[in-house]
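For reference, my_file.csv (CSV, C-alpha atoms and all ligand atoms):
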```
chain,number,residue,atom,x,y,z
A,10,MET,CA,-112.0,52.1,-13.1
A,11,PHE,CA,-109.0,51.8,-15.4
A,12,GLY,CA,-109.9,48.7,-17.3
A,13,GLN,CA,-112.1,45.7,-17.4
A,14,PHE,CA,-111.6,42.0,-18.0
A,15,PRO,CA,-111.3,40.5,-20.6
A,16,GLN,CA,-109.9,43.5,-22.6
A,17,THR,CA,-107.6,44.1,-19.6
A,18,ARG,CA,-105.5,41.2,-18.5
A,19,LEU,CA,-102.9,42.2,-15.9
A,20,ARG,CA,-101.0,39.0,-16.4
A,21,ARG,CA,-99.8,40.2,-19.9
A,22,ASN,CA,-97.4,42.5,-18.1
A,23,ARG,CA,-96.0,39.5,-16.3
A,24,TYR,CA,-95.9,37.3,-19.5
A,25,ASP,CA,-92.1,36.9,-19.8
A,26,ASP,CA,-88.9,38.1,-18.3
A,27,ALA,CA,-88.3,40.9,-20.8
A,28,THR,CA,-91.8,42.3,-20.2
A,29,ARG,CA,-91.4,42.0,-16.4
A,30,ARG,CA,-88.1,43.8,-16.6
A,31,LEU,CA,-89.6,46.6,-18.6
A,32,MET,CA,-92.5,47.0,-16.3
A,33,ALA,CA,-90.7,46.8,-13.0
A,34,GLU,CA,-91.5,49.9,-10.8
A,35,ASN,CA,-88.5,49.5,-8.5
A,36,ARG,CA,-85.0,48.2,-8.7
A,37,LEU,CA,-82.2,47.7,-6.2
A,38,SER,CA,-78.8,48.9,-7.1
A,39,VAL,CA,-75.4,48.7,-5.5
A,40,ASP,CA,-75.7,52.5,-5.1
A,41,ASP,CA,-78.4,52.0,-2.5
A,42,LEU,CA,-76.3,49.9,-0.1
A,43,ILE,CA,-74.7,50.9,3.2
A,44,TRP,CA,-72.6,48.2,5.0
A,45,PRO,CA,-72.4,48.4,8.8
A,46,VAL,CA,-69.1,47.2,10.2
A,47,PHE,CA,-68.0,46.4,13.8
A,48,ILE,CA,-64.5,47.4,14.9
A,49,ILE,CA,-62.6,46.0,17.8
A,50,GLU,CA,-59.3,46.8,19.6
A,51,GLY,CA,-56.1,44.8,19.1
A,52,ASN,CA,-54.0,43.6,16.2
A,53,LYS,CA,-54.9,40.9,13.8
A,54,ASN,CA,-58.0,40.5,15.9
A,55,GLU,CA,-61.1,39.0,14.3
A,56,THR,CA,-64.1,37.7,16.3
A,57,GLU,CA,-67.4,36.1,15.5
A,58,ILE,CA,-70.8,37.3,16.8
A,59,ALA,CA,-72.8,34.4,18.0
A,60,SER,CA,-76.2,35.9,17.2
A,61,MET,CA,-75.1,37.3,13.8
A,62,PRO,CA,-73.9,34.4,11.6
A,63,GLU,CA,-71.0,35.3,9.3
A,64,ILE,CA,-70.6,38.9,10.6
A,65,LYS,CA,-67.2,39.7,12.2
A,66,ARG,CA,-65.8,42.3,14.4
A,67,VAL,CA,-62.4,43.3,13.1
A,68,SER,CA,-59.4,45.3,14.4
A,69,VAL,CA,-58.3,48.5,12.6
A,70,ASP,CA,-55.3,46.8,11.0
A,71,LEU,CA,-57.6,44.3,9.3
A,72,LEU,CA,-60.3,46.7,8.4
A,73,SER,CA,-59.3,47.8,5.0
A,74,ARG,CA,-58.8,44.2,3.8
A,75,TYR,CA,-62.2,43.3,5.3
A,76,VAL,CA,-64.2,46.1,3.6
A,77,GLU,CA,-62.3,46.1,0.3
A,78,PRO,CA,-64.5,43.6,-1.5
A,79,ALA,CA,-67.6,45.7,-0.9
A,80,ILE,CA,-65.9,48.9,-2.0
A,81,LYS,CA,-64.6,47.2,-5.2
A,82,LEU,CA,-68.1,46.1,-6.0
A,83,GLY,CA,-69.3,49.7,-5.7
A,84,VAL,CA,-70.9,49.9,-2.2
A,85,PRO,CA,-70.8,53.7,-1.6
A,86,ALA,CA,-70.8,53.8,2.2
A,87,LEU,CA,-69.8,52.1,5.4
A,88,ALA,CA,-71.4,52.7,8.8
A,89,LEU,CA,-68.8,52.2,11.6
A,90,PHE,CA,-69.6,50.7,15.0
A,91,PRO,CA,-66.8,50.5,17.5
A,92,VAL,CA,-66.8,47.9,20.3
A,93,THR,CA,-65.4,49.8,23.3
A,94,ALA,CA,-63.4,47.8,25.8
A,95,LYS,CA,-65.0,47.6,29.2
A,96,GLU,CA,-62.1,49.4,30.9
A,97,LYS,CA,-62.7,52.5,28.7
A,98,ARG,CA,-66.4,52.8,29.5
A,99,ASN,CA,-67.6,55.1,32.2
A,100,ALA,CA,-70.8,56.9,33.4
A,101,ASN,CA,-70.4,59.8,31.0
A,102,GLY,CA,-69.0,57.9,28.0
A,103,SER,CA,-66.0,60.2,27.9
A,104,GLU,CA,-64.2,57.8,25.5
A,105,ALA,CA,-66.6,59.1,22.8
A,106,LEU,CA,-64.6,62.4,22.9
A,107,ASN,CA,-61.2,60.9,22.6
A,108,PRO,CA,-59.7,61.8,19.3
A,109,ASN,CA,-57.8,58.5,19.3
A,110,ASN,CA,-60.7,56.3,20.1
A,111,LEU,CA,-61.5,53.3,18.0
A,112,ILE,CA,-63.9,54.9,15.5
A,113,CYS,CA,-61.6,57.8,14.9
A,114,ARG,CA,-58.6,55.5,14.3
A,115,ALA,CA,-60.8,53.4,12.0
A,116,ALA,CA,-62.0,56.5,10.1
A,117,ARG,CA,-58.5,57.8,9.5
A,118,GLU,CA,-57.3,54.5,8.3
A,119,LEU,CA,-60.2,54.0,5.9
A,120,LYS,CA,-60.0,57.5,4.5
A,121,LYS,CA,-56.3,56.9,3.8
A,122,GLN,CA,-57.1,53.7,1.9
A,123,PHE,CA,-60.5,54.6,0.4
A,124,PRO,CA,-60.9,58.4,0.2
A,125,ASP,CA,-64.0,58.1,-2.0
A,126,THR,CA,-66.0,55.8,0.3
A,127,ALA,CA,-68.5,57.6,2.5
A,128,LEU,CA,-68.1,57.0,6.2
A,129,ILE,CA,-71.1,57.1,8.5
A,130,GLY,CA,-70.5,57.6,12.2
A,131,ASP,CA,-73.0,56.6,14.8
A,132,VAL,CA,-73.5,59.4,17.4
A,133,ALA,CA,-74.8,58.1,20.7
A,134,LEU,CA,-73.1,57.2,24.0
A,135,ASP,CA,-74.1,53.6,24.4
A,136,PRO,CA,-70.9,52.1,23.0
A,137,TYR,CA,-69.0,54.2,25.7
A,138,THR,CA,-71.2,54.2,28.8
A,139,ASP,CA,-70.8,51.6,31.6
A,140,HIS,CA,-74.6,51.6,31.9
A,141,GLY,CA,-75.3,51.0,28.2
A,142,HIS,CA,-77.6,54.0,27.7
A,143,ASP,CA,-77.3,56.5,24.8
A,144,GLY,CA,-77.0,59.5,27.1
A,145,ILE,CA,-76.0,60.3,30.6
A,146,LEU,CA,-78.1,59.2,33.6
A,147,LYS,CA,-79.3,61.3,36.5
A,148,ASP,CA,-81.4,59.5,39.1
A,149,GLY,CA,-81.9,56.7,36.7
A,150,TYR,CA,-83.3,59.0,33.9
A,151,VAL,CA,-81.4,59.7,30.7
A,152,VAL,CA,-81.2,63.5,30.8
A,153,ASN,CA,-81.7,65.3,27.5
A,154,ASP,CA,-79.9,68.6,27.3
A,155,GLU,CA,-76.7,67.5,29.1
A,156,SER,CA,-76.5,64.5,26.8
A,157,VAL,CA,-77.0,66.7,23.8
A,158,GLU,CA,-74.0,68.8,24.7
A,159,ILE,CA,-71.8,65.7,24.8
A,160,LEU,CA,-73.2,64.3,21.6
A,161,ALA,CA,-72.4,67.6,19.8
A,162,GLU,CA,-68.8,67.2,20.9
A,163,GLN,CA,-68.8,63.6,19.9
A,164,ALA,CA,-70.0,64.7,16.4
A,165,ILE,CA,-67.1,67.2,16.1
A,166,ASN,CA,-64.6,64.5,17.2
A,167,GLN,CA,-65.8,62.2,14.5
A,168,ALA,CA,-65.9,65.0,11.8
A,169,GLN,CA,-62.3,65.8,12.7
A,170,ALA,CA,-61.3,62.1,12.1
A,171,GLY,CA,-62.9,62.2,8.6
A,172,ILE,CA,-66.4,60.9,9.2
A,173,ASP,CA,-68.6,62.2,6.3
A,174,PHE,CA,-72.0,61.6,7.7
A,175,ILE,CA,-72.9,62.2,11.4
A,176,ALA,CA,-75.7,59.8,12.3
A,177,PRO,CA,-77.2,60.6,15.6
A,178,SER,CA,-78.9,57.5,16.9
A,179,ASP,CA,-79.6,58.6,20.5
A,180,MET,CA,-83.1,60.0,20.1
A,181,MET,CA,-82.5,63.0,22.4
A,182,ASP,CA,-84.7,66.0,21.5
A,183,GLY,CA,-82.9,68.9,19.8
A,184,ARG,CA,-79.7,67.0,19.0
A,185,VAL,CA,-79.8,67.5,15.3
A,186,GLY,CA,-79.9,71.3,15.7
A,187,ALA,CA,-77.2,71.3,18.3
A,188,ILE,CA,-74.9,69.1,16.2
A,189,ARG,CA,-75.5,71.2,13.0
A,190,GLN,CA,-74.6,74.3,14.9
A,191,ALA,CA,-71.5,72.8,16.5
A,192,LEU,CA,-70.3,71.5,13.1
A,193,ASP,CA,-70.9,74.8,11.4
A,194,ASN,CA,-69.1,76.7,14.2
A,195,LYS,CA,-66.1,74.5,13.5
A,196,GLY,CA,-66.3,75.0,9.8
A,197,TYR,CA,-67.6,71.6,9.0
A,198,ILE,CA,-70.4,73.0,6.8
A,199,ASN,CA,-70.3,70.1,4.4
A,200,THR,CA,-70.4,67.3,7.0
A,201,ARG,CA,-73.7,65.7,6.4
A,202,ILE,CA,-76.3,64.7,9.1
A,203,MET,CA,-78.0,61.5,8.5
A,204,SER,CA,-80.4,61.5,11.4
A,205,TYR,CA,-81.9,58.4,13.0
A,206,ALA,CA,-85.1,60.5,13.1
A,207,VAL,CA,-87.4,57.6,13.6
A,208,LYS,CA,-85.9,55.0,15.9
A,209,TYR,CA,-88.2,52.6,17.8
A,210,ALA,CA,-87.5,50.9,21.1
A,211,SER,CA,-87.2,47.6,19.5
A,212,VAL,CA,-86.4,44.0,20.4
A,213,TYR,CA,-84.8,43.7,17.0
A,214,TYR,CA,-81.6,45.4,18.3
A,215,GLY,CA,-80.8,42.4,20.5
A,216,PRO,CA,-78.0,40.9,18.4
A,217,PHE,CA,-76.4,44.3,17.8
A,218,ARG,CA,-76.1,44.8,21.5
A,219,ASP,CA,-74.3,41.4,21.6
A,220,ALA,CA,-72.0,42.6,18.9
A,221,LEU,CA,-71.1,45.7,20.9
A,222,GLU,CA,-71.0,43.7,24.1
A,223,SER,CA,-73.3,46.3,25.6
A,224,GLY,CA,-76.4,44.1,26.1
A,225,ASN,CA,-75.6,42.8,29.5
A,226,LEU,CA,-74.5,46.3,30.7
A,227,LEU,CA,-77.8,47.9,29.8
A,228,LYS,CA,-79.8,48.6,32.9
A,229,GLY,CA,-83.5,48.8,32.1
A,230,ASP,CA,-84.7,49.7,28.6
A,231,LYS,CA,-84.6,52.7,26.2
A,232,LYS,CA,-88.3,53.5,26.2
A,233,THR,CA,-87.9,57.0,27.6
A,234,TYR,CA,-86.1,58.1,24.5
A,235,GLN,CA,-86.7,55.6,21.7
A,236,MET,CA,-90.1,55.5,20.1
A,237,ASP,CA,-93.1,53.3,21.0
A,238,PRO,CA,-93.7,50.7,18.3
A,239,ALA,CA,-97.4,51.5,18.6
A,240,ASN,CA,-96.9,55.0,17.1
A,241,ARG,CA,-97.0,56.2,13.5
A,242,GLU,CA,-98.1,59.9,13.8
A,243,GLU,CA,-95.3,60.5,16.1
A,244,ALA,CA,-92.8,59.5,13.4
A,245,ILE,CA,-94.1,62.4,11.3
A,246,ARG,CA,-93.4,64.8,14.1
A,247,GLU,CA,-89.9,63.4,14.6
A,248,VAL,CA,-89.0,63.8,10.9
A,249,GLU,CA,-90.5,67.3,10.6
A,250,LEU,CA,-88.4,68.5,13.6
A,251,ASP,CA,-85.2,66.9,12.3
A,252,ILE,CA,-85.6,68.5,8.9
A,253,GLN,CA,-86.2,71.9,10.5
A,254,GLU,CA,-83.1,71.3,12.6
A,255,GLY,CA,-80.9,70.6,9.5
A,256,ALA,CA,-81.0,66.9,8.9
A,257,ASP,CA,-79.9,66.1,5.3
A,258,SER,CA,-81.5,62.6,5.3
A,259,VAL,CA,-83.5,60.6,7.8
A,260,ILE,CA,-83.1,57.0,8.9
A,261,ILE,CA,-86.1,54.8,9.8
A,262,LYS,CA,-85.3,51.9,12.0
A,263,PRO,CA,-85.9,48.9,12.3
A,264,GLY,CA,-86.6,48.0,8.7
A,265,MET,CA,-88.9,45.2,7.7
A,266,PRO,CA,-91.5,45.5,10.5
A,267,TYR,CA,-91.7,49.2,9.9
A,268,LEU,CA,-92.2,49.5,6.1
A,269,ASP,CA,-95.4,51.4,6.7
A,270,ILE,CA,-93.5,54.1,8.4
A,271,ILE,CA,-91.2,54.5,5.4
A,272,ARG,CA,-94.2,54.9,3.1
A,273,THR,CA,-95.8,57.4,5.5
A,274,ILE,CA,-92.7,59.6,5.5
A,275,ARG,CA,-92.1,59.1,1.7
A,276,ASP,CA,-95.6,60.4,1.0
A,277,ARG,CA,-95.2,63.3,3.4
A,278,PHE,CA,-91.7,64.7,3.0
A,279,PRO,CA,-89.4,65.3,0.1
A,280,VAL,CA,-86.4,64.1,2.1
A,281,PRO,CA,-84.0,61.2,1.4
A,282,ILE,CA,-84.9,58.2,3.5
A,283,VAL,CA,-82.5,55.5,4.7
A,284,SER,CA,-83.9,52.4,6.1
A,285,TYR,CA,-82.0,50.1,8.5
A,286,GLN,CA,-82.5,46.4,8.2
A,287,VAL,CA,-81.2,45.8,11.8
A,288,SER,CA,-79.4,43.0,13.5
A,289,GLY,CA,-82.5,41.0,14.6
A,290,GLU,CA,-83.9,41.0,11.1
A,291,TYR,CA,-80.6,39.8,9.8
A,292,SER,CA,-80.4,37.0,12.4
A,293,MET,CA,-84.0,35.9,11.7
A,294,LEU,CA,-83.4,35.6,8.0
A,295,MET,CA,-80.0,34.0,8.3
A,296,ASN,CA,-81.4,31.4,10.7
A,297,ALA,CA,-84.2,30.5,8.3
A,298,ILE,CA,-81.7,30.3,5.5
A,299,ALA,CA,-79.3,28.2,7.5
A,300,ASN,CA,-82.1,25.8,8.3
A,301,GLY,CA,-82.9,25.5,4.6
A,302,PHE,CA,-86.3,27.0,5.0
A,303,MET,CA,-85.7,29.8,2.5
A,304,HIS,CA,-83.5,30.3,-0.5
A,305,ARG,CA,-80.5,32.5,0.4
A,306,GLU,CA,-80.0,34.8,-2.5
A,307,LYS,CA,-83.7,35.2,-3.3
A,308,THR,CA,-84.5,36.0,0.4
A,309,ILE,CA,-81.8,38.7,0.6
A,310,MET,CA,-82.8,40.3,-2.7
A,311,GLU,CA,-86.6,40.3,-2.1
A,312,THR,CA,-86.3,41.8,1.3
A,313,LEU,CA,-84.0,44.6,0.1
A,314,LEU,CA,-86.2,45.3,-2.9
A,315,CYS,CA,-89.2,45.7,-0.5
A,316,PHE,CA,-87.4,48.6,1.1
A,317,LYS,CA,-87.2,50.4,-2.2
A,318,ARG,CA,-90.9,49.8,-2.9
A,319,ALA,CA,-91.8,51.2,0.5
A,320,GLY,CA,-89.9,54.4,-0.5
A,321,ALA,CA,-86.4,54.1,0.8
A,322,ASN,CA,-83.5,55.7,-1.1
A,323,ALA,CA,-80.8,53.8,0.6
A,324,ILE,CA,-80.6,50.7,2.9
A,325,MET,CA,-78.3,49.9,5.7
A,326,THR,CA,-77.9,46.1,5.7
A,327,TYR,CA,-75.5,43.5,7.1
A,328,SER,CA,-76.1,41.7,3.7
A,329,ALA,CA,-74.6,44.7,1.7
A,330,LEU,CA,-71.6,42.8,0.5
A,331,GLU,CA,-73.5,39.7,-0.5
A,332,ALA,CA,-76.2,41.8,-2.2
A,333,ALA,CA,-73.5,43.7,-4.1
A,334,LYS,CA,-72.1,40.3,-5.3
A,335,ILE,CA,-75.5,39.1,-6.4
A,336,LEU,CA,-76.2,42.3,-8.2
A,337,LYS,CA,-72.9,42.1,-10.0
A,338,THR,CA,-73.6,38.5,-11.3
A,339,SER,CA,-77.3,38.8,-12.0
B,401,LIG,C1,-76.8,52.7,19.1
B,401,LIG,C2,-77.4,51.9,18.0
B,401,LIG,C3,-78.2,50.7,18.1
B,401,LIG,C4,-78.3,50.2,16.8
B,401,LIG,C5,-77.6,51.2,16.0
B,401,LIG,N1,-77.1,52.2,16.8
B,401,LIG,C6,-78.7,50.0,19.3
B,401,LIG,C7,-79.6,50.6,20.3
B,401,LIG,O1,-80.1,51.7,20.1
B,401,LIG,O2,-79.7,49.9,21.3
B,401,LIG,C8,-79.0,49.0,16.4
B,401,LIG,C9,-78.5,48.4,15.1
B,401,LIG,C10,-78.9,47.0,14.9
B,401,LIG,O3,-79.6,46.4,15.6
B,401,LIG,O4,-78.5,46.4,13.8
B,401,LIG,N2,-77.6,53.7,19.7
```

Translate the structure of the given file into structure tokens.
Amino acid sequence: MFGQFPQTRLRRNRYDDATRRLMAENRLSVDDLIWPVFIIEGNKNETEIASMPEIKRVSVDLLSRYVEPAIKLGVPALALFPVTAKEKRNANGSEALNPNNLICRAARELKKQFPDTALIGDVALDPYTDHGHDGILKDGYVVNDESVEILAEQAINQAQAGIDFIAPSDMMDGRVGAIRQALDNKGYINTRIMSYAVKYASVYYGPFRDALESGNLLKGDKKTYQMDPANREEAIREVELDIQEGADSVIIKPGMPYLDIIRTIRDRFPVPIVSYQVSGEYSMLMNAIANGFMHREKTIMETLLCFKRAGANAIMTYSALEAAKILKTS
């Protein structure tokens, strides 16, 4: 027992704003934010995503102007997601290895304009396959080791284009080790690996698959490689393996429904944790806000703060630009 009423009154520490500010255990800063952006082919091309209010897909020529406000406000990193045209998709996702593919062109353009902004490249084949899976299929099964070989090449391709953080999101076994080795062999010893170590087979990715136009291509589901939402112990094993294989930081995804997993990993491993507030969470919140059911700024800031409290170091969020603006003015 640390104290007893009436000598102890916990409300004293909540008495006024100055006291609350002094006593706060966690704080959100612009340094914590990563902004995911969707890139499309074409010129002066900008399209809306029906299930993600206010989020756009933009072509490479518009990209710098689109991200500049976030960079000016101090957002340190962007996560790039290319929308691959249907004609360029095939069974093996070979467009992932094209040095002139959309993500590589976007990375080169952004590095030219904003050399100090960190670029995070998603490594998985689903934007490039005609079946929408993250690896290659044999007899209807996503085969592990053959997929890992391609993913390692995809990582090299992105590193060559200037991507700073390779973020494997495919959930194949052994890919972090294979990617680390491939990067090192090519001399990319400082290219960081931000591994989607704990990624659940989640319904919350629905709007993202709309954004990438891969939702209606996907045959079946991703349950043979992404994790079962029922499992927590397994997350510990996934993180341990990825650290051993050379991951510099780990992503836990989705975000809000999985805060317990962030806390579990925080208590267990001294590793930087990134949480991903995914598309479905964004859509839910924006719908409630649009209906006037919840206050816009307060909703965004409270949800992001909760990630910090759970133990995250950084947060990928579609609200990064808005959160940066709010932080600047508050
Ligand atoms: C690709 C990938 C997905 C997301 C990030 N990378 C979708 C999936 O695995 O189906 C989801 C992000 C979001 O929902 O915001 N492997």

Do you have, as a tab-separated table, the list of residues of chain A lying at most 9 Å from ligand LIG 401 (chain B), each with its nearest atom pair and that distance in Å to one decimal, counting only C-alpha atoms and all ligand atoms and ordered by chain then number?
```
residue	atom	partner	partner_atom	distance
A:Pro45	CA	B:LIG401	O4	8.1
A:Phe90	CA	B:LIG401	N1	7.9
A:Asp131	CA	B:LIG401	N1	6.3
A:Val132	CA	B:LIG401	N2	7.4
A:Ala133	CA	B:LIG401	N2	5.3
A:Leu134	CA	B:LIG401	N2	7.1
A:Asp135	CA	B:LIG401	N2	5.9
A:Pro136	CA	B:LIG401	C1	7.1
A:Gly141	CA	B:LIG401	O2	8.3
A:His142	CA	B:LIG401	O2	7.9
A:Asp143	CA	B:LIG401	N2	5.8
A:Ala176	CA	B:LIG401	N1	8.9
A:Pro177	CA	B:LIG401	N2	8.0
A:Ser178	CA	B:LIG401	N2	4.9
A:Asp179	CA	B:LIG401	N2	5.4
A:Met180	CA	B:LIG401	N2	8.4
A:Tyr205	CA	B:LIG401	N1	8.7
A:Lys208	CA	B:LIG401	O1	7.9
A:Tyr209	CA	B:LIG401	O1	8.5
A:Ala210	CA	B:LIG401	O1	7.5
A:Ser211	CA	B:LIG401	O2	8.0
A:Val212	CA	B:LIG401	O3	8.7
A:Tyr213	CA	B:LIG401	O3	6.0
A:Tyr214	CA	B:LIG401	O3	3.5
A:Gly215	CA	B:LIG401	O3	6.4
A:Pro216	CA	B:LIG401	O3	6.4
A:Phe217	CA	B:LIG401	O3	4.4
A:Arg218	CA	B:LIG401	C6	6.2
A:Leu221	CA	B:LIG401	C6	8.9
A:Ser223	CA	B:LIG401	O2	8.5
A:Gly224	CA	B:LIG401	O2	8.2
A:Leu227	CA	B:LIG401	O2	8.9
A:Asp230	CA	B:LIG401	O2	8.9
A:Lys231	CA	B:LIG401	O2	7.5
A:Gln235	CA	B:LIG401	O1	7.8
A:Lys262	CA	B:LIG401	C8	8.2
A:Pro263	CA	B:LIG401	O3	7.5
A:Tyr285	CA	B:LIG401	O4	7.4
A:Gln286	CA	B:LIG401	O4	6.9
A:Val287	CA	B:LIG401	O4	3.4
A:Ser288	CA	B:LIG401	O4	3.5
A:Gly289	CA	B:LIG401	O3	6.2
A:Glu290	CA	B:LIG401	O4	8.1
A:Tyr291	CA	B:LIG401	O4	8.0
A:Met325	CA	B:LIG401	O4	8.8
A:Thr326	CA	B:LIG401	O4	8.1
A:Tyr327	CA	B:LIG401	O4	7.9
```

Subject >> Answer as a list in words, residues within 6 Å of (-85.2, 66.1, 16.4) using only C-alpha atoms >> reply: Asp182, Gly183, Val185, Glu247, Leu250 and Asp251 of chain A

**OP:** Can you work out the spacing between atom CA of Ala164 of chain A and atom CA of Asn109 of chain A in Å, to one decimal?
**Re:**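 Calculated distance between atom CA of Ala164 of chain A and atom CA of Asn109 of chain A is 14.0 Å.
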
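Across the model, the gap from atom CA of Ile309 of chain A to atom CA of Pro266 of chain A is 15.4 Å.
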
Original post:
Using all atoms listed in the file, which residue out of A:Met61, A:Met32, A:Ile188, A:Leu330 lies closest to Val76 of chain A?
Top reply: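 Closest residue, counting all atoms listed in the file: A:Leu330.
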
**OP:** Determine, counting only C-alpha atoms, which protein, DNA and RNA residues have an atom within 12 Å of an atom of Glu243 of chain A; residues of the same chain fewer than 2 positions away are not included. Present the result as a ChimeraX atom specification.
**Re:** /A:206-209,235-241,245-250,270,273-274

Subject >> Exercise: Asp193 of chain A partners within 12 Å, all atoms listed in the file, chain neighbours under 6 positions left out, as an MDAnalysis selection string >> reply: chainID A and resid 161 164:165 168 186:187 199:202 255

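Every polymer residue reaching to within 7 Å of (-67.7, 56.3, 1.1), counting all atoms listed in the file, appears in this list: Pro85, Ala86, Leu87, Asp125, Thr126, Ala127 and Leu128 of chain A.
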
Original post:
Pick the closest to Cys113 of chain A from A:Ser60, A:Asn225, A:Ser258, A:Asn166: which is it, counting only C-alpha atoms?
Top reply: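 Of A:Ser60, A:Asn225, A:Ser258, A:Asn166, the one nearest Cys113 of chain A is A:Asn166, counting only C-alpha atoms.
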
Original post:
Can you list, as a list of chain:residue names, every protein, DNA or RNA residue that comes within 10 Å of Lys65 of chain A when you count only C-alpha atoms, leaving out same-chain residues fewer than 6 positions away?
Top reply: A:Val46, A:Phe47, A:Ile48, A:Ile49, A:Asn54, A:Glu55, A:Thr56, A:Glu57, A:Ile58, A:Ala59, A:Tyr75, A:Ala220

**OP:** Determine, counting only C-alpha atoms, which protein, DNA and RNA residues have an atom within 12 Å of an atom of Gln122 of chain A; residues of the same chain fewer than 2 positions away are not included. Present the result as a list in words.
**Re:** Val69, Asp70, Leu71, Leu72, Ser73, Arg74, Val76, Glu77, Ile80, Ala115, Ala116, Arg117, Glu118, Leu119, Lys120, Pro124, Asp125 and Thr126 of chain A
